[in-house]
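input_21.cif (mmCIF, N, CA and C atoms)
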data_run
loop_
_atom_site.label_atom_id
_atom_site.label_comp_id
_atom_site.auth_asym_id
_atom_site.auth_seq_id
_atom_site.Cartn_x
_atom_site.Cartn_y
_atom_site.Cartn_z
N MET A 2 0.84 -1.19 0.00
CA MET A 2 0.00 0.00 0.00
C MET A 2 0.88 1.24 0.00
N THR A 3 0.55 2.22 -0.82
CA THR A 3 1.34 3.43 -0.97
C THR A 3 0.78 4.53 -0.10
N SER A 4 1.65 5.29 0.54
CA SER A 4 1.24 6.44 1.37
C SER A 4 1.49 7.72 0.60
N PHE A 5 0.57 8.65 0.70
CA PHE A 5 0.71 9.95 0.07
C PHE A 5 0.67 11.02 1.14
N PHE A 6 1.51 12.03 0.99
CA PHE A 6 1.52 13.16 1.90
C PHE A 6 1.13 14.40 1.10
N LEU A 7 0.21 15.13 1.64
CA LEU A 7 -0.25 16.34 0.99
C LEU A 7 0.33 17.53 1.72
N HIS A 8 1.07 18.36 1.01
CA HIS A 8 1.63 19.56 1.60
C HIS A 8 0.64 20.71 1.37
N VAL A 9 0.13 21.29 2.45
CA VAL A 9 -0.82 22.38 2.37
C VAL A 9 -0.13 23.65 2.87
N PRO A 10 -0.09 24.71 2.05
CA PRO A 10 0.54 25.96 2.49
C PRO A 10 -0.13 26.50 3.75
N ASN A 11 0.64 27.22 4.56
CA ASN A 11 0.12 27.80 5.80
C ASN A 11 -1.06 28.72 5.55
N THR A 12 -1.07 29.41 4.42
CA THR A 12 -2.18 30.33 4.13
C THR A 12 -3.51 29.59 4.00
N LEU A 13 -3.45 28.32 3.58
CA LEU A 13 -4.68 27.54 3.48
C LEU A 13 -5.04 26.88 4.80
N ARG A 14 -4.04 26.61 5.64
CA ARG A 14 -4.31 26.00 6.95
C ARG A 14 -4.97 26.99 7.88
N ASN A 15 -4.54 28.24 7.82
CA ASN A 15 -5.05 29.27 8.71
C ASN A 15 -5.59 30.44 7.89
N PRO A 16 -6.72 30.26 7.25
CA PRO A 16 -7.24 31.35 6.41
C PRO A 16 -7.61 32.56 7.25
N ARG A 17 -7.39 33.73 6.69
CA ARG A 17 -7.74 34.98 7.36
C ARG A 17 -9.14 35.38 6.93
N VAL A 18 -10.03 35.51 7.88
CA VAL A 18 -11.41 35.89 7.60
C VAL A 18 -11.67 37.19 8.32
N SER A 19 -12.25 38.14 7.60
CA SER A 19 -12.57 39.41 8.23
C SER A 19 -14.02 39.75 7.95
N ALA A 20 -14.64 40.37 8.92
CA ALA A 20 -16.03 40.78 8.76
C ALA A 20 -16.05 42.17 8.16
N SER A 21 -17.02 42.43 7.34
CA SER A 21 -17.14 43.73 6.70
C SER A 21 -18.09 44.62 7.49
N SER A 22 -17.71 45.88 7.62
CA SER A 22 -18.60 46.83 8.27
C SER A 22 -19.39 47.63 7.24
N PHE A 23 -19.16 47.36 5.96
CA PHE A 23 -19.87 48.07 4.91
C PHE A 23 -21.14 47.34 4.54
N SER A 24 -22.15 48.10 4.20
CA SER A 24 -23.45 47.50 3.92
C SER A 24 -23.48 46.74 2.61
N ASN A 25 -22.50 46.95 1.74
CA ASN A 25 -22.52 46.25 0.47
C ASN A 25 -21.66 45.00 0.47
N GLY A 26 -21.18 44.59 1.63
CA GLY A 26 -20.45 43.34 1.76
C GLY A 26 -19.00 43.39 1.38
N SER A 27 -18.47 44.57 1.10
CA SER A 27 -17.07 44.65 0.70
C SER A 27 -16.16 44.73 1.92
N VAL A 28 -14.90 44.46 1.68
CA VAL A 28 -13.92 44.52 2.74
C VAL A 28 -13.44 45.95 2.89
N PRO A 29 -13.46 46.50 4.11
CA PRO A 29 -13.04 47.88 4.30
C PRO A 29 -11.55 48.05 4.06
N SER A 30 -11.19 49.20 3.54
CA SER A 30 -9.77 49.51 3.35
C SER A 30 -9.29 50.31 4.55
N ASN A 31 -7.98 50.47 4.67
CA ASN A 31 -7.43 51.22 5.78
C ASN A 31 -7.61 52.72 5.63
N ASN A 32 -7.66 53.20 4.39
CA ASN A 32 -7.76 54.63 4.18
C ASN A 32 -8.52 54.91 2.89
N ASN A 33 -9.81 55.20 3.04
CA ASN A 33 -10.65 55.42 1.87
C ASN A 33 -10.30 56.69 1.12
N GLN A 34 -9.74 57.67 1.82
CA GLN A 34 -9.49 58.96 1.20
C GLN A 34 -8.10 59.05 0.60
N ALA A 35 -7.27 58.06 0.80
CA ALA A 35 -5.87 58.14 0.37
C ALA A 35 -5.76 58.21 -1.14
N SER A 36 -4.81 58.99 -1.58
CA SER A 36 -4.49 59.04 -3.00
C SER A 36 -3.78 57.76 -3.37
N VAL A 37 -3.99 57.31 -4.57
CA VAL A 37 -3.37 56.08 -5.03
C VAL A 37 -1.90 56.36 -5.31
N SER A 38 -1.02 55.54 -4.79
CA SER A 38 0.40 55.76 -5.02
C SER A 38 0.74 55.42 -6.46
N GLY A 39 1.82 55.98 -6.94
CA GLY A 39 2.26 55.73 -8.30
C GLY A 39 2.89 54.35 -8.46
N LYS A 40 3.10 53.64 -7.39
CA LYS A 40 3.76 52.34 -7.45
C LYS A 40 2.74 51.24 -7.71
N GLY A 41 3.15 50.25 -8.48
CA GLY A 41 2.30 49.09 -8.71
C GLY A 41 1.12 49.40 -9.60
N GLY A 42 0.18 48.46 -9.60
CA GLY A 42 -1.00 48.61 -10.44
C GLY A 42 -2.17 49.17 -9.67
N PRO A 43 -3.36 48.91 -10.17
CA PRO A 43 -4.58 49.41 -9.53
C PRO A 43 -4.73 48.84 -8.12
N ILE A 44 -5.43 49.59 -7.28
CA ILE A 44 -5.77 49.10 -5.95
C ILE A 44 -7.29 49.11 -5.82
N ILE A 45 -7.78 48.33 -4.88
CA ILE A 45 -9.23 48.29 -4.63
C ILE A 45 -9.50 48.92 -3.28
N ILE A 46 -10.32 49.97 -3.29
CA ILE A 46 -10.71 50.64 -2.06
C ILE A 46 -12.20 50.95 -2.10
N GLU A 47 -12.71 51.29 -0.96
CA GLU A 47 -14.10 51.69 -0.79
C GLU A 47 -14.15 53.22 -0.85
N LEU A 48 -14.94 53.78 -1.76
CA LEU A 48 -15.05 55.23 -1.89
C LEU A 48 -16.48 55.69 -1.67
N PRO A 49 -16.66 56.85 -1.04
CA PRO A 49 -18.01 57.42 -0.96
C PRO A 49 -18.51 57.75 -2.36
N LEU A 50 -19.78 57.46 -2.60
CA LEU A 50 -20.36 57.73 -3.92
C LEU A 50 -20.22 59.19 -4.32
N ASN A 51 -20.35 60.09 -3.35
CA ASN A 51 -20.32 61.52 -3.68
C ASN A 51 -18.92 62.03 -4.03
N GLN A 52 -17.90 61.19 -3.91
CA GLN A 52 -16.55 61.61 -4.31
C GLN A 52 -16.21 61.16 -5.73
N ILE A 53 -17.10 60.43 -6.37
CA ILE A 53 -16.84 59.92 -7.72
C ILE A 53 -17.58 60.77 -8.72
N ARG A 54 -16.82 61.43 -9.58
CA ARG A 54 -17.42 62.25 -10.64
C ARG A 54 -17.80 61.34 -11.79
N ARG A 55 -19.01 61.52 -12.31
CA ARG A 55 -19.52 60.70 -13.41
C ARG A 55 -19.79 61.60 -14.62
N PRO A 56 -18.75 61.99 -15.36
CA PRO A 56 -18.93 62.97 -16.43
C PRO A 56 -19.79 62.51 -17.60
N LEU A 57 -20.01 61.22 -17.78
CA LEU A 57 -20.79 60.74 -18.92
C LEU A 57 -22.21 60.31 -18.54
N MET A 58 -22.62 60.56 -17.30
CA MET A 58 -23.94 60.11 -16.85
C MET A 58 -25.07 60.66 -17.72
N ARG A 59 -24.94 61.88 -18.18
CA ARG A 59 -26.03 62.50 -18.96
C ARG A 59 -26.12 61.94 -20.38
N THR A 60 -25.08 61.26 -20.82
CA THR A 60 -25.08 60.76 -22.19
C THR A 60 -25.56 59.31 -22.29
N ARG A 61 -25.80 58.69 -21.14
CA ARG A 61 -26.19 57.27 -21.13
C ARG A 61 -27.48 57.08 -20.36
N SER A 62 -28.20 56.04 -20.75
CA SER A 62 -29.42 55.67 -20.04
C SER A 62 -29.25 54.23 -19.56
N ASN A 63 -29.44 54.02 -18.27
CA ASN A 63 -29.30 52.68 -17.71
C ASN A 63 -30.57 51.86 -17.91
N ASP A 64 -30.40 50.56 -18.07
CA ASP A 64 -31.51 49.62 -18.19
C ASP A 64 -32.11 49.41 -16.79
N PRO A 65 -33.36 49.86 -16.56
CA PRO A 65 -33.96 49.76 -15.24
C PRO A 65 -34.03 48.33 -14.70
N GLN A 66 -34.27 47.36 -15.58
CA GLN A 66 -34.34 45.96 -15.14
C GLN A 66 -32.97 45.48 -14.64
N LYS A 67 -31.93 45.85 -15.34
CA LYS A 67 -30.59 45.46 -14.93
C LYS A 67 -30.22 46.11 -13.60
N VAL A 68 -30.59 47.38 -13.43
CA VAL A 68 -30.32 48.07 -12.16
C VAL A 68 -31.06 47.37 -11.02
N GLN A 69 -32.32 46.98 -11.24
CA GLN A 69 -33.09 46.30 -10.20
C GLN A 69 -32.47 44.94 -9.85
N GLU A 70 -32.04 44.20 -10.88
CA GLU A 70 -31.39 42.90 -10.63
C GLU A 70 -30.12 43.09 -9.81
N LEU A 71 -29.35 44.12 -10.14
CA LEU A 71 -28.13 44.41 -9.37
C LEU A 71 -28.47 44.82 -7.94
N MET A 72 -29.51 45.61 -7.77
CA MET A 72 -29.93 46.00 -6.42
C MET A 72 -30.26 44.77 -5.59
N ASP A 73 -31.01 43.84 -6.17
CA ASP A 73 -31.36 42.61 -5.46
C ASP A 73 -30.11 41.81 -5.09
N SER A 74 -29.18 41.69 -6.04
CA SER A 74 -27.96 40.94 -5.80
C SER A 74 -27.08 41.61 -4.75
N ILE A 75 -26.88 42.91 -4.87
CA ILE A 75 -26.03 43.65 -3.93
C ILE A 75 -26.63 43.59 -2.53
N ALA A 76 -27.95 43.68 -2.42
CA ALA A 76 -28.60 43.61 -1.11
C ALA A 76 -28.39 42.24 -0.47
N GLN A 77 -28.32 41.20 -1.29
CA GLN A 77 -28.17 39.83 -0.75
C GLN A 77 -26.72 39.45 -0.51
N ILE A 78 -25.84 39.68 -1.49
CA ILE A 78 -24.48 39.16 -1.38
C ILE A 78 -23.40 40.23 -1.52
N GLY A 79 -23.77 41.48 -1.67
CA GLY A 79 -22.78 42.54 -1.82
C GLY A 79 -22.29 42.66 -3.25
N LEU A 80 -21.56 43.71 -3.48
CA LEU A 80 -21.00 43.95 -4.82
C LEU A 80 -19.89 42.95 -5.09
N GLN A 81 -19.98 42.23 -6.19
CA GLN A 81 -19.00 41.20 -6.51
C GLN A 81 -17.84 41.72 -7.35
N VAL A 82 -18.10 42.71 -8.20
CA VAL A 82 -17.06 43.24 -9.09
C VAL A 82 -16.97 44.75 -8.86
N PRO A 83 -15.82 45.24 -8.42
CA PRO A 83 -15.69 46.68 -8.19
C PRO A 83 -15.78 47.47 -9.49
N ILE A 84 -16.20 48.73 -9.39
CA ILE A 84 -16.24 49.58 -10.56
C ILE A 84 -14.83 50.14 -10.82
N ASP A 85 -14.54 50.45 -12.07
CA ASP A 85 -13.25 51.04 -12.44
C ASP A 85 -13.33 52.54 -12.27
N VAL A 86 -12.33 53.10 -11.58
CA VAL A 86 -12.29 54.53 -11.33
C VAL A 86 -10.89 55.04 -11.66
N LEU A 87 -10.84 56.20 -12.29
CA LEU A 87 -9.58 56.85 -12.63
C LEU A 87 -9.34 57.97 -11.64
N GLU A 88 -8.14 58.00 -11.03
CA GLU A 88 -7.78 59.10 -10.13
C GLU A 88 -6.83 60.03 -10.85
N VAL A 89 -7.20 61.30 -10.92
CA VAL A 89 -6.36 62.32 -11.53
C VAL A 89 -6.25 63.48 -10.55
N ASP A 90 -5.05 63.73 -10.08
CA ASP A 90 -4.79 64.83 -9.14
C ASP A 90 -5.73 64.79 -7.92
N GLY A 91 -5.98 63.63 -7.39
CA GLY A 91 -6.79 63.50 -6.18
C GLY A 91 -8.29 63.47 -6.41
N ALA A 92 -8.73 63.64 -7.66
CA ALA A 92 -10.15 63.58 -7.99
C ALA A 92 -10.43 62.23 -8.64
N TYR A 93 -11.62 61.67 -8.36
CA TYR A 93 -11.98 60.35 -8.85
C TYR A 93 -13.04 60.45 -9.95
N TYR A 94 -12.82 59.75 -11.07
CA TYR A 94 -13.71 59.78 -12.21
C TYR A 94 -14.15 58.37 -12.56
N GLY A 95 -15.46 58.17 -12.68
CA GLY A 95 -16.00 56.88 -13.06
C GLY A 95 -16.59 56.94 -14.45
N PHE A 96 -16.15 56.02 -15.33
CA PHE A 96 -16.65 55.98 -16.70
C PHE A 96 -17.37 54.68 -17.00
N SER A 97 -17.22 53.69 -16.15
CA SER A 97 -17.89 52.40 -16.35
C SER A 97 -18.61 52.05 -15.05
N GLY A 98 -19.29 50.91 -15.04
CA GLY A 98 -20.00 50.51 -13.83
C GLY A 98 -21.25 51.34 -13.56
N CYS A 99 -21.84 51.87 -14.62
CA CYS A 99 -22.99 52.77 -14.47
C CYS A 99 -24.17 52.11 -13.76
N HIS A 100 -24.47 50.85 -14.12
CA HIS A 100 -25.59 50.14 -13.49
C HIS A 100 -25.29 49.84 -12.02
N ARG A 101 -24.06 49.44 -11.72
CA ARG A 101 -23.68 49.15 -10.34
C ARG A 101 -23.71 50.43 -9.50
N PHE A 102 -23.23 51.53 -10.08
CA PHE A 102 -23.24 52.81 -9.38
C PHE A 102 -24.68 53.24 -9.05
N GLU A 103 -25.56 53.17 -10.05
CA GLU A 103 -26.96 53.54 -9.82
C GLU A 103 -27.64 52.62 -8.80
N ALA A 104 -27.32 51.33 -8.85
CA ALA A 104 -27.89 50.39 -7.88
C ALA A 104 -27.49 50.79 -6.46
N HIS A 105 -26.24 51.17 -6.27
CA HIS A 105 -25.79 51.62 -4.95
C HIS A 105 -26.53 52.88 -4.53
N GLN A 106 -26.67 53.82 -5.45
CA GLN A 106 -27.41 55.05 -5.14
C GLN A 106 -28.83 54.74 -4.71
N ARG A 107 -29.53 53.92 -5.49
CA ARG A 107 -30.93 53.61 -5.20
C ARG A 107 -31.10 52.82 -3.92
N LEU A 108 -30.08 52.03 -3.55
CA LEU A 108 -30.12 51.29 -2.28
C LEU A 108 -29.77 52.19 -1.09
N GLY A 109 -29.29 53.39 -1.37
CA GLY A 109 -28.92 54.32 -0.30
C GLY A 109 -27.59 53.97 0.36
N LEU A 110 -26.75 53.24 -0.35
CA LEU A 110 -25.44 52.87 0.21
C LEU A 110 -24.49 54.05 0.07
N PRO A 111 -23.74 54.36 1.11
CA PRO A 111 -22.86 55.54 1.07
C PRO A 111 -21.57 55.33 0.29
N THR A 112 -21.14 54.08 0.13
CA THR A 112 -19.86 53.81 -0.50
C THR A 112 -19.99 52.72 -1.55
N ILE A 113 -18.95 52.60 -2.39
CA ILE A 113 -18.90 51.55 -3.40
C ILE A 113 -17.45 51.10 -3.53
N ARG A 114 -17.26 49.82 -3.76
CA ARG A 114 -15.92 49.27 -3.95
C ARG A 114 -15.44 49.63 -5.35
N CYS A 115 -14.21 50.17 -5.42
CA CYS A 115 -13.66 50.66 -6.68
C CYS A 115 -12.27 50.10 -6.93
N LYS A 116 -12.00 49.81 -8.20
CA LYS A 116 -10.64 49.50 -8.62
C LYS A 116 -10.08 50.80 -9.17
N ILE A 117 -9.13 51.35 -8.43
CA ILE A 117 -8.60 52.68 -8.74
C ILE A 117 -7.29 52.55 -9.50
N ARG A 118 -7.18 53.30 -10.58
CA ARG A 118 -5.90 53.42 -11.25
C ARG A 118 -5.61 54.90 -11.42
N ARG A 119 -4.36 55.24 -11.30
CA ARG A 119 -3.94 56.63 -11.39
C ARG A 119 -3.74 57.01 -12.86
N GLY A 120 -4.14 58.22 -13.20
CA GLY A 120 -3.99 58.69 -14.57
C GLY A 120 -3.55 60.14 -14.60
N THR A 121 -3.25 60.59 -15.78
CA THR A 121 -2.86 61.98 -16.00
C THR A 121 -4.04 62.76 -16.56
N LYS A 122 -3.87 64.05 -16.66
CA LYS A 122 -4.92 64.87 -17.27
C LYS A 122 -5.14 64.47 -18.73
N GLU A 123 -4.06 64.05 -19.37
CA GLU A 123 -4.17 63.59 -20.77
C GLU A 123 -5.03 62.32 -20.84
N THR A 124 -4.85 61.41 -19.89
CA THR A 124 -5.68 60.20 -19.83
C THR A 124 -7.15 60.58 -19.64
N LEU A 125 -7.40 61.52 -18.77
CA LEU A 125 -8.76 61.98 -18.53
C LEU A 125 -9.35 62.58 -19.80
N ARG A 126 -8.60 63.41 -20.49
CA ARG A 126 -9.10 64.00 -21.75
C ARG A 126 -9.44 62.91 -22.76
N HIS A 127 -8.61 61.86 -22.81
CA HIS A 127 -8.89 60.73 -23.72
C HIS A 127 -10.23 60.07 -23.40
N HIS A 128 -10.52 59.89 -22.11
CA HIS A 128 -11.79 59.27 -21.70
C HIS A 128 -12.99 60.15 -22.01
N LEU A 129 -12.77 61.44 -22.04
CA LEU A 129 -13.88 62.38 -22.26
C LEU A 129 -14.19 62.61 -23.74
N ARG A 130 -13.40 62.06 -24.65
CA ARG A 130 -13.65 62.24 -26.10
C ARG A 130 -14.88 61.52 -26.54
#
Reformat the file's structure so that it appears as structure tokens.
Amino acid sequence: MTSFFLHVPNTLRNPRVSASSFSNGSVPSNNNQASVSGKGGPIIIELPLNQIRRPLMRTRSNDPQKVQELMDSIAQIGLQVPIDVLEVDGAYYGFSGCHRFEAHQRLGLPTIRCKIRRGTKETLRHHLR
């Protein structure tokens, strides 16, 4: 009879579980207001909805059924995919995630989980074309 040994990394033996204090089920960050550092790639943080500028909101119309489905899902299990946000000189701009953003607004949630990447004014101008 052959014996097998399974090596399990310590991270799997002692998983870290944290409870969320946010109503949308996301994990809180240490500093929601912090500017994104220039090092590395995008980071995921929780931002207040009122700090995210939505310059294209007037040019788009959201599907009410999709917004309602997202509201139901977010209320039950929280936001699963963060919205993409561009940070330029300390200001936050959202160009995607329109249905998720509206669902958070309609649910009365104060914050939303965002994948933040830093950009330049030129990057912002490109998004506004």
Check your understanding: A:Pro43, A:Arg119, A:Leu71, A:Ser62: which is nearest Arg101 of chain A, counting only N, CA and C atoms?
Key ->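 Between A:Pro43, A:Arg119, A:Leu71, A:Ser62, the residue approaching Arg101 of chain A most closely is A:Leu71.
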Taking the file as shown, find all residues satisfying the PyMOL selection byres (((chain A and resi 95 and name CA) around 12) and name CA) and write them as a short mmCIF file (atom, residue, chain, number, x, y, z; two decimals) with N, CA and C atoms, in the frame of the given file.
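Written output follows (expr-v3.cif):
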data_model
loop_
_atom_site.label_atom_id
_atom_site.label_comp_id
_atom_site.auth_asym_id
_atom_site.auth_seq_id
_atom_site.Cartn_x
_atom_site.Cartn_y
_atom_site.Cartn_z
N LEU A 48 -14.94 53.78 -1.76
CA LEU A 48 -15.05 55.23 -1.89
C LEU A 48 -16.48 55.69 -1.67
N LEU A 50 -19.78 57.46 -2.60
CA LEU A 50 -20.36 57.73 -3.92
C LEU A 50 -20.22 59.19 -4.32
N ASN A 51 -20.35 60.09 -3.35
CA ASN A 51 -20.32 61.52 -3.68
C ASN A 51 -18.92 62.03 -4.03
N GLN A 52 -17.90 61.19 -3.91
CA GLN A 52 -16.55 61.61 -4.31
C GLN A 52 -16.21 61.16 -5.73
N ILE A 53 -17.10 60.43 -6.37
CA ILE A 53 -16.84 59.92 -7.72
C ILE A 53 -17.58 60.77 -8.72
N ARG A 54 -16.82 61.43 -9.58
CA ARG A 54 -17.42 62.25 -10.64
C ARG A 54 -17.80 61.34 -11.79
N ARG A 55 -19.01 61.52 -12.31
CA ARG A 55 -19.52 60.70 -13.41
C ARG A 55 -19.79 61.60 -14.62
N PRO A 56 -18.75 61.99 -15.36
CA PRO A 56 -18.93 62.97 -16.43
C PRO A 56 -19.79 62.51 -17.60
N LEU A 57 -20.01 61.22 -17.78
CA LEU A 57 -20.79 60.74 -18.92
C LEU A 57 -22.21 60.31 -18.54
N MET A 58 -22.62 60.56 -17.30
CA MET A 58 -23.94 60.11 -16.85
C MET A 58 -25.07 60.66 -17.72
N PRO A 83 -15.82 45.24 -8.42
CA PRO A 83 -15.69 46.68 -8.19
C PRO A 83 -15.78 47.47 -9.49
N ILE A 84 -16.20 48.73 -9.39
CA ILE A 84 -16.24 49.58 -10.56
C ILE A 84 -14.83 50.14 -10.82
N ASP A 85 -14.54 50.45 -12.07
CA ASP A 85 -13.25 51.04 -12.44
C ASP A 85 -13.33 52.54 -12.27
N VAL A 86 -12.33 53.10 -11.58
CA VAL A 86 -12.29 54.53 -11.33
C VAL A 86 -10.89 55.04 -11.66
N LEU A 87 -10.84 56.20 -12.29
CA LEU A 87 -9.58 56.85 -12.63
C LEU A 87 -9.34 57.97 -11.64
N GLU A 88 -8.14 58.00 -11.03
CA GLU A 88 -7.78 59.10 -10.13
C GLU A 88 -6.83 60.03 -10.85
N VAL A 89 -7.20 61.30 -10.92
CA VAL A 89 -6.36 62.32 -11.53
C VAL A 89 -6.25 63.48 -10.55
N ALA A 92 -8.73 63.64 -7.66
CA ALA A 92 -10.15 63.58 -7.99
C ALA A 92 -10.43 62.23 -8.64
N TYR A 93 -11.62 61.67 -8.36
CA TYR A 93 -11.98 60.35 -8.85
C TYR A 93 -13.04 60.45 -9.95
N TYR A 94 -12.82 59.75 -11.07
CA TYR A 94 -13.71 59.78 -12.21
C TYR A 94 -14.15 58.37 -12.56
N PHE A 96 -16.15 56.02 -15.33
CA PHE A 96 -16.65 55.98 -16.70
C PHE A 96 -17.37 54.68 -17.00
N SER A 97 -17.22 53.69 -16.15
CA SER A 97 -17.89 52.40 -16.35
C SER A 97 -18.61 52.05 -15.05
N GLY A 98 -19.29 50.91 -15.04
CA GLY A 98 -20.00 50.51 -13.83
C GLY A 98 -21.25 51.34 -13.56
N CYS A 99 -21.84 51.87 -14.62
CA CYS A 99 -22.99 52.77 -14.47
C CYS A 99 -24.17 52.11 -13.76
N HIS A 100 -24.47 50.85 -14.12
CA HIS A 100 -25.59 50.14 -13.49
C HIS A 100 -25.29 49.84 -12.02
N ARG A 101 -24.06 49.44 -11.72
CA ARG A 101 -23.68 49.15 -10.34
C ARG A 101 -23.71 50.43 -9.50
N PHE A 102 -23.23 51.53 -10.08
CA PHE A 102 -23.24 52.81 -9.38
C PHE A 102 -24.68 53.24 -9.05
N GLU A 103 -25.56 53.17 -10.05
CA GLU A 103 -26.96 53.54 -9.82
C GLU A 103 -27.64 52.62 -8.80
N ILE A 113 -18.95 52.60 -2.39
CA ILE A 113 -18.90 51.55 -3.40
C ILE A 113 -17.45 51.10 -3.53
N ARG A 114 -17.26 49.82 -3.76
CA ARG A 114 -15.92 49.27 -3.95
C ARG A 114 -15.44 49.63 -5.35
N CYS A 115 -14.21 50.17 -5.42
CA CYS A 115 -13.66 50.66 -6.68
C CYS A 115 -12.27 50.10 -6.93
N LYS A 116 -12.00 49.81 -8.20
CA LYS A 116 -10.64 49.50 -8.62
C LYS A 116 -10.08 50.80 -9.17
N ILE A 117 -9.13 51.35 -8.43
CA ILE A 117 -8.60 52.68 -8.74
C ILE A 117 -7.29 52.55 -9.50
N ARG A 118 -7.18 53.30 -10.58
CA ARG A 118 -5.90 53.42 -11.25
C ARG A 118 -5.61 54.90 -11.42
N LEU A 125 -7.40 61.52 -18.77
CA LEU A 125 -8.76 61.98 -18.53
C LEU A 125 -9.35 62.58 -19.80
N HIS A 128 -10.52 59.89 -22.11
CA HIS A 128 -11.79 59.27 -21.70
C HIS A 128 -12.99 60.15 -22.01
N LEU A 129 -12.77 61.44 -22.04
CA LEU A 129 -13.88 62.38 -22.26
C LEU A 129 -14.19 62.61 -23.74
#
Exercise for review: In Å, rounded to a single decimal, give me how far atom CA of Gln66 of chain A is from atom CA of Arg130 of chain A.
Suggested key: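 Answer for the atom CA of Arg130 of chain A to atom CA of Gln66 of chain A separation: 28.5 Å.
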Point to revise | Distance in Å - atom C of Gly79 of chain A versus atom CA of Ile45 of chain A | key: 14.3 Å
Practice item. Could you please determine the separation between atom N of Ser74 of chain A and atom N of Ile46 of chain A in Å, to one decimal place? Key: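 Separating atom N of Ser74 of chain A from atom N of Ile46 of chain A is a distance of 20.8 Å.
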Could you put an axis-aligned box around every listed atom of segment 115-130 of chain A, padded by 3 Å on each side, and send me its centre and edge lengths in Å to one decimal, as lines of an AutoDock Vina configuration file?
center_x = -8.9
center_y = 57.2
center_z = -16.0
size_x = 18.0
size_y = 21.4
size_z = 27.1
Exercise for review: Taking the DSSP assignment computed from this structure's backbone, write out as a ChimeraX atom specification all residues of segment 48-82 of chain A that belong to alpha helix (DSSP H).
Suggested key: /A:65-78
Mind completing segment 105-116 of chain A with N, CA, C and O atoms? Output as a compact mmCIF listing (two decimals), keeping the file's coordinate frame, please?
# COMPACT_ATOMS: atom_id res chain seq x y z
N HIS A 105 -26.24 51.17 -6.27
CA HIS A 105 -25.79 51.62 -4.95
C HIS A 105 -26.53 52.88 -4.53
O HIS A 105 -26.94 53.01 -3.37
N GLN A 106 -26.67 53.82 -5.45
CA GLN A 106 -27.41 55.05 -5.14
C GLN A 106 -28.83 54.74 -4.71
O GLN A 106 -29.30 55.25 -3.69
N ARG A 107 -29.53 53.92 -5.49
CA ARG A 107 -30.93 53.61 -5.20
C ARG A 107 -31.10 52.82 -3.92
O ARG A 107 -32.13 52.91 -3.26
N LEU A 108 -30.08 52.03 -3.55
CA LEU A 108 -30.12 51.29 -2.28
C LEU A 108 -29.77 52.19 -1.09
O LEU A 108 -29.91 51.79 0.06
N GLY A 109 -29.29 53.39 -1.37
CA GLY A 109 -28.92 54.32 -0.30
C GLY A 109 -27.59 53.97 0.36
O GLY A 109 -27.35 54.37 1.50
N LEU A 110 -26.75 53.24 -0.35
CA LEU A 110 -25.44 52.87 0.21
C LEU A 110 -24.49 54.05 0.07
O LEU A 110 -24.44 54.69 -0.97
N PRO A 111 -23.74 54.36 1.11
CA PRO A 111 -22.86 55.54 1.07
C PRO A 111 -21.57 55.33 0.29
O PRO A 111 -20.98 56.30 -0.18
N THR A 112 -21.14 54.08 0.13
CA THR A 112 -19.86 53.81 -0.50
C THR A 112 -19.99 52.72 -1.55
O THR A 112 -20.97 51.98 -1.57
N ILE A 113 -18.95 52.60 -2.39
CA ILE A 113 -18.90 51.55 -3.40
C ILE A 113 -17.45 51.10 -3.53
O ILE A 113 -16.52 51.91 -3.42
N ARG A 114 -17.26 49.82 -3.76
CA ARG A 114 -15.92 49.27 -3.95
C ARG A 114 -15.44 49.63 -5.35
O ARG A 114 -16.15 49.41 -6.34
N CYS A 115 -14.21 50.17 -5.42
CA CYS A 115 -13.66 50.66 -6.68
C CYS A 115 -12.27 50.10 -6.93
O CYS A 115 -11.47 49.97 -6.01
N LYS A 116 -12.00 49.81 -8.20
CA LYS A 116 -10.64 49.50 -8.62
C LYS A 116 -10.08 50.80 -9.17
O LYS A 116 -10.52 51.30 -10.21
